[in-house]
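Written out below as structure tokens is the structure these notes cover.
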Amino acid sequence: MKHYFKKSFVLLVACFFAGLSQTAAQNNFYVATTGSNANAGTDASAPKQTIMAAFYAAAAGDIINVAAGTYIETDPIYLNKSITIKGSNAGLPALGWTNSETIIRPKATNFADGSGDAAVVQMVASNITLDGIAIYGDNSTLSDATPRVINAVSSRANYGVMAYNNLSSLKVLNCKFANFVHRGISW
């Protein structure tokens, strides 16, 4: 009987540590304008093409590495799980960027029918980090509606990033914002 309990305890401890290693695992996904959403995106040499495709493939706690380039994503980019998204200038102060930029622009004119809460990126979960990304509210390729002109630039969105109430550990680091009707970040 004593031998049975010893084996059971060892098995229980082994299962506990196996569970810890699974929850602590953090996967990297890669995005590039030259990628394909048919790719798994887990290898920098075979990236996904859109940030949202990588987001859907990623699990909570994963990292999405976005190469330099301009991304016209779904409007809005709706982040509903804990995730880190790193642009080409992650870790570098926005005023000292030396790499080409990772830029996100709106896909369509989005003012949410005047409700004031239209944003290019919406954070609706805790533990989200954006690092080294430029988010701009203009998109000169759009002709779908009358833009709002801000400082002689046609803005297509009210906000760059909007975070909802009662969320924790939201980080917007080393990012640039421009050309929004209201402001770059709304908490």
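Labeling convention for the structure tokens: chains A, B, ... as they appear, residues from 1 per chain, ligands from 1 in order of appearance.
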(request) List the neighbours of segment 79-81 of chain A out to 9 Å using only C-alpha atoms; skip same-chain residues closer than 5 positions along the sequence, and give me the result as a PyMOL selection string. (result) chain A and resi 52+55+59-61+121-128
(message) With DSSP run on the backbone, what are the strand (DSSP E) residues within segment 33-163 of chain A? I'd like them as an MDAnalysis selection string.
(response) chainID A and resid 63:66 69:72 77:79 83:86 102:105 119:123 128:131 134:136 148:150 153:155 159:163
Residues near Pro76 of chain A, cut-off 6 Å, only C-alpha atoms, skip fewer than 2 positions along chain, as a short mmCIF file (atom, residue, chain, number, x, y, z; two decimals) with all heavy atoms, in the first residue's frame:
data_model
loop_
_atom_site.label_atom_id
_atom_site.label_comp_id
_atom_site.auth_asym_id
_atom_site.auth_seq_id
_atom_site.Cartn_x
_atom_site.Cartn_y
_atom_site.Cartn_z
N THR A 74 -8.63 44.47 -40.95
CA THR A 74 -10.07 44.56 -40.69
C THR A 74 -10.30 45.73 -39.76
O THR A 74 -9.42 46.12 -39.00
CB THR A 74 -10.59 43.28 -40.04
OG1 THR A 74 -9.87 43.05 -38.84
CG2 THR A 74 -10.46 42.09 -40.97
N TYR A 78 -9.70 43.73 -33.46
CA TYR A 78 -10.42 43.45 -32.23
C TYR A 78 -9.63 42.44 -31.40
O TYR A 78 -9.63 41.25 -31.72
CB TYR A 78 -11.80 42.90 -32.60
CG TYR A 78 -12.79 42.81 -31.47
CD1 TYR A 78 -13.42 43.95 -30.98
CD2 TYR A 78 -13.11 41.59 -30.92
CE1 TYR A 78 -14.34 43.86 -29.97
CE2 TYR A 78 -14.03 41.49 -29.90
CZ TYR A 78 -14.64 42.63 -29.43
OH TYR A 78 -15.56 42.54 -28.41
N VAL A 120 -9.04 52.07 -34.66
CA VAL A 120 -8.33 51.14 -35.52
C VAL A 120 -8.06 49.85 -34.77
O VAL A 120 -8.19 48.75 -35.30
CB VAL A 120 -7.03 51.77 -36.07
CG1 VAL A 120 -6.25 50.78 -36.91
CG2 VAL A 120 -7.36 53.03 -36.88
N VAL A 121 -7.68 49.95 -33.47
CA VAL A 121 -7.42 48.79 -32.62
C VAL A 121 -8.30 48.90 -31.38
O VAL A 121 -8.30 49.93 -30.72
CB VAL A 121 -5.94 48.70 -32.20
CG1 VAL A 121 -5.70 47.53 -31.26
CG2 VAL A 121 -5.02 48.63 -33.41
#
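Atom CA of Ala53 of chain A is positioned 15.5 Å from atom CA of Ser82 of chain A.
Counting only C-alpha atoms and comparing A:Ile83, A:Ala40, A:Ala32, A:Leu95, the residue that lies closest to Val66 of chain A is A:Ala32.
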(message) Applying 9 Å and only C-alpha atoms, which residues near Gly87 of chain A remain after dropping the ones on its own chain fewer than 4 positions away? List them as a ChimeraX atom specification.
(response) /A:64-68,101-103,130-134,175
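Atom CA of Thr129 of chain A lies 20.2 Å from atom CA of Ser100 of chain A.
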Residue neighbourhood Arg105 of chain A, 8 Å, only C-alpha atoms, exclusion window fewer than 3 positions, as a PDB file with all heavy atoms, in the first residue's frame:
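What ended up in out-v7.pdb:
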ATOM      1  N   THR A  70       3.089  48.272 -44.497  1.00  0.00           N
ATOM      2  CA  THR A  70       1.791  48.880 -44.200  1.00  0.00           C
ATOM      3  C   THR A  70       0.718  47.805 -44.238  1.00  0.00           C
ATOM      4  O   THR A  70       0.593  47.071 -45.215  1.00  0.00           O
ATOM      5  CB  THR A  70       1.461  49.998 -45.202  1.00  0.00           C
ATOM      6  OG1 THR A  70       2.474  51.014 -45.076  1.00  0.00           O
ATOM      7  CG2 THR A  70       0.105  50.614 -44.919  1.00  0.00           C
ATOM      8  N   TYR A  71      -0.054  47.738 -43.163  1.00  0.00           N
ATOM      9  CA  TYR A  71      -1.105  46.739 -43.007  1.00  0.00           C
ATOM     10  C   TYR A  71      -2.456  47.439 -42.972  1.00  0.00           C
ATOM     11  O   TYR A  71      -2.702  48.282 -42.108  1.00  0.00           O
ATOM     12  CB  TYR A  71      -0.880  45.921 -41.725  1.00  0.00           C
ATOM     13  CG  TYR A  71       0.430  45.175 -41.783  1.00  0.00           C
ATOM     14  CD1 TYR A  71       1.624  45.787 -41.414  1.00  0.00           C
ATOM     15  CD2 TYR A  71       0.486  43.875 -42.267  1.00  0.00           C
ATOM     16  CE1 TYR A  71       2.837  45.119 -41.505  1.00  0.00           C
ATOM     17  CE2 TYR A  71       1.691  43.192 -42.364  1.00  0.00           C
ATOM     18  CZ  TYR A  71       2.867  43.831 -41.982  1.00  0.00           C
ATOM     19  OH  TYR A  71       4.062  43.177 -42.078  1.00  0.00           O
ATOM     20  N   ILE A  72      -3.286  47.101 -43.927  1.00  0.00           N
ATOM     21  CA  ILE A  72      -4.656  47.606 -43.975  1.00  0.00           C
ATOM     22  C   ILE A  72      -5.505  46.443 -43.466  1.00  0.00           C
ATOM     23  O   ILE A  72      -5.830  45.518 -44.203  1.00  0.00           O
ATOM     24  CB  ILE A  72      -5.063  48.011 -45.416  1.00  0.00           C
ATOM     25  CG1 ILE A  72      -4.014  48.931 -46.049  1.00  0.00           C
ATOM     26  CG2 ILE A  72      -6.452  48.605 -45.429  1.00  0.00           C
ATOM     27  CD1 ILE A  72      -3.834  50.266 -45.385  1.00  0.00           C
ATOM     28  N   GLU A  73      -5.831  46.482 -42.198  1.00  0.00           N
ATOM     29  CA  GLU A  73      -6.476  45.349 -41.537  1.00  0.00           C
ATOM     30  C   GLU A  73      -7.983  45.522 -41.443  1.00  0.00           C
ATOM     31  O   GLU A  73      -8.523  46.571 -41.761  1.00  0.00           O
ATOM     32  CB  GLU A  73      -5.895  45.200 -40.128  1.00  0.00           C
ATOM     33  CG  GLU A  73      -4.442  44.822 -40.109  1.00  0.00           C
ATOM     34  CD  GLU A  73      -4.200  43.339 -40.402  1.00  0.00           C
ATOM     35  OE1 GLU A  73      -5.053  42.493 -40.074  1.00  0.00           O
ATOM     36  OE2 GLU A  73      -3.125  43.038 -40.952  1.00  0.00           O
ATOM     37  N   VAL A 120      -9.038  52.073 -34.656  1.00  0.00           N
ATOM     38  CA  VAL A 120      -8.332  51.140 -35.524  1.00  0.00           C
ATOM     39  C   VAL A 120      -8.057  49.845 -34.766  1.00  0.00           C
ATOM     40  O   VAL A 120      -8.191  48.753 -35.304  1.00  0.00           O
ATOM     41  CB  VAL A 120      -7.034  51.770 -36.070  1.00  0.00           C
ATOM     42  CG1 VAL A 120      -6.251  50.780 -36.907  1.00  0.00           C
ATOM     43  CG2 VAL A 120      -7.355  53.026 -36.880  1.00  0.00           C
ATOM     44  N   ILE A 135       0.367  53.631 -35.764  1.00  0.00           N
ATOM     45  CA  ILE A 135      -1.056  53.498 -36.095  1.00  0.00           C
ATOM     46  C   ILE A 135      -1.532  54.859 -36.576  1.00  0.00           C
ATOM     47  O   ILE A 135      -1.494  55.831 -35.825  1.00  0.00           O
ATOM     48  CB  ILE A 135      -1.866  53.010 -34.884  1.00  0.00           C
ATOM     49  CG1 ILE A 135      -1.299  51.673 -34.374  1.00  0.00           C
ATOM     50  CG2 ILE A 135      -3.349  52.881 -35.245  1.00  0.00           C
ATOM     51  CD1 ILE A 135      -1.926  51.174 -33.096  1.00  0.00           C
ATOM     52  N   TYR A 136      -1.945  54.899 -37.832  1.00  0.00           N
ATOM     53  CA  TYR A 136      -2.355  56.158 -38.451  1.00  0.00           C
ATOM     54  C   TYR A 136      -3.817  56.082 -38.859  1.00  0.00           C
ATOM     55  O   TYR A 136      -4.288  55.055 -39.348  1.00  0.00           O
ATOM     56  CB  TYR A 136      -1.478  56.461 -39.674  1.00  0.00           C
ATOM     57  CG  TYR A 136      -0.007  56.614 -39.341  1.00  0.00           C
ATOM     58  CD1 TYR A 136       0.965  56.069 -40.158  1.00  0.00           C
ATOM     59  CD2 TYR A 136       0.414  57.308 -38.209  1.00  0.00           C
ATOM     60  CE1 TYR A 136       2.324  56.208 -39.865  1.00  0.00           C
ATOM     61  CE2 TYR A 136       1.760  57.446 -37.909  1.00  0.00           C
ATOM     62  CZ  TYR A 136       2.707  56.903 -38.742  1.00  0.00           C
ATOM     63  OH  TYR A 136       4.045  57.035 -38.442  1.00  0.00           O
ATOM     64  N   GLY A 137      -4.517  57.197 -38.685  1.00  0.00           N
ATOM     65  CA  GLY A 137      -5.955  57.248 -38.976  1.00  0.00           C
ATOM     66  C   GLY A 137      -6.294  57.576 -40.409  1.00  0.00           C
ATOM     67  O   GLY A 137      -7.463  57.567 -40.785  1.00  0.00           O
ATOM     68  N   ASP A 138      -5.302  57.844 -41.245  1.00  0.00           N
ATOM     69  CA  ASP A 138      -5.581  58.191 -42.641  1.00  0.00           C
ATOM     70  C   ASP A 138      -5.306  56.995 -43.552  1.00  0.00           C
ATOM     71  O   ASP A 138      -4.549  56.100 -43.211  1.00  0.00           O
ATOM     72  CB  ASP A 138      -4.740  59.389 -43.077  1.00  0.00           C
ATOM     73  CG  ASP A 138      -3.252  59.109 -42.982  1.00  0.00           C
ATOM     74  OD1 ASP A 138      -2.798  58.627 -41.933  1.00  0.00           O
ATOM     75  OD2 ASP A 138      -2.535  59.368 -43.966  1.00  0.00           O
ATOM     76  N   ASN A 139      -5.975  56.990 -44.685  1.00  0.00           N
ATOM     77  CA  ASN A 139      -5.738  55.985 -45.715  1.00  0.00           C
ATOM     78  C   ASN A 139      -6.141  56.616 -47.035  1.00  0.00           C
ATOM     79  O   ASN A 139      -7.320  56.687 -47.373  1.00  0.00           O
ATOM     80  CB  ASN A 139      -6.538  54.709 -45.447  1.00  0.00           C
ATOM     81  CG  ASN A 139      -6.254  53.628 -46.464  1.00  0.00           C
ATOM     82  OD1 ASN A 139      -5.720  53.890 -47.538  1.00  0.00           O
ATOM     83  ND2 ASN A 139      -6.620  52.407 -46.134  1.00  0.00           N
TER      84      ASN A 139
END
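The closest residue to Asn179 of chain A, picked from A:Ser36, A:Asn166, A:Asn158, A:Ser45 and counting only C-alpha atoms, is A:Asn158.
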(request) Using DSSP on the backbone, list every residue of segment 39-81 of chain A that comes out as alpha helix (DSSP H), and give them as a list of chain:residue names. (result) A:Ile51, A:Met52, A:Ala53, A:Ala54, A:Phe55, A:Tyr56, A:Ala57
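Going from atom CA of Trp187 of chain A to atom CA of Gly69 of chain A covers 26.9 Å.
When only C-alpha atoms are used to compute distances to Arg156 of chain A, the closest of the residues A:Lys86, A:Lys171, A:Lys107, A:Lys48 turns out to be A:Lys107.
In terms of minimum interatomic distance to Ala157 of chain A, A:Ala118 ranks closest within A:Leu92, A:Ile85, A:Val172, A:Ala118, counting only C-alpha atoms.
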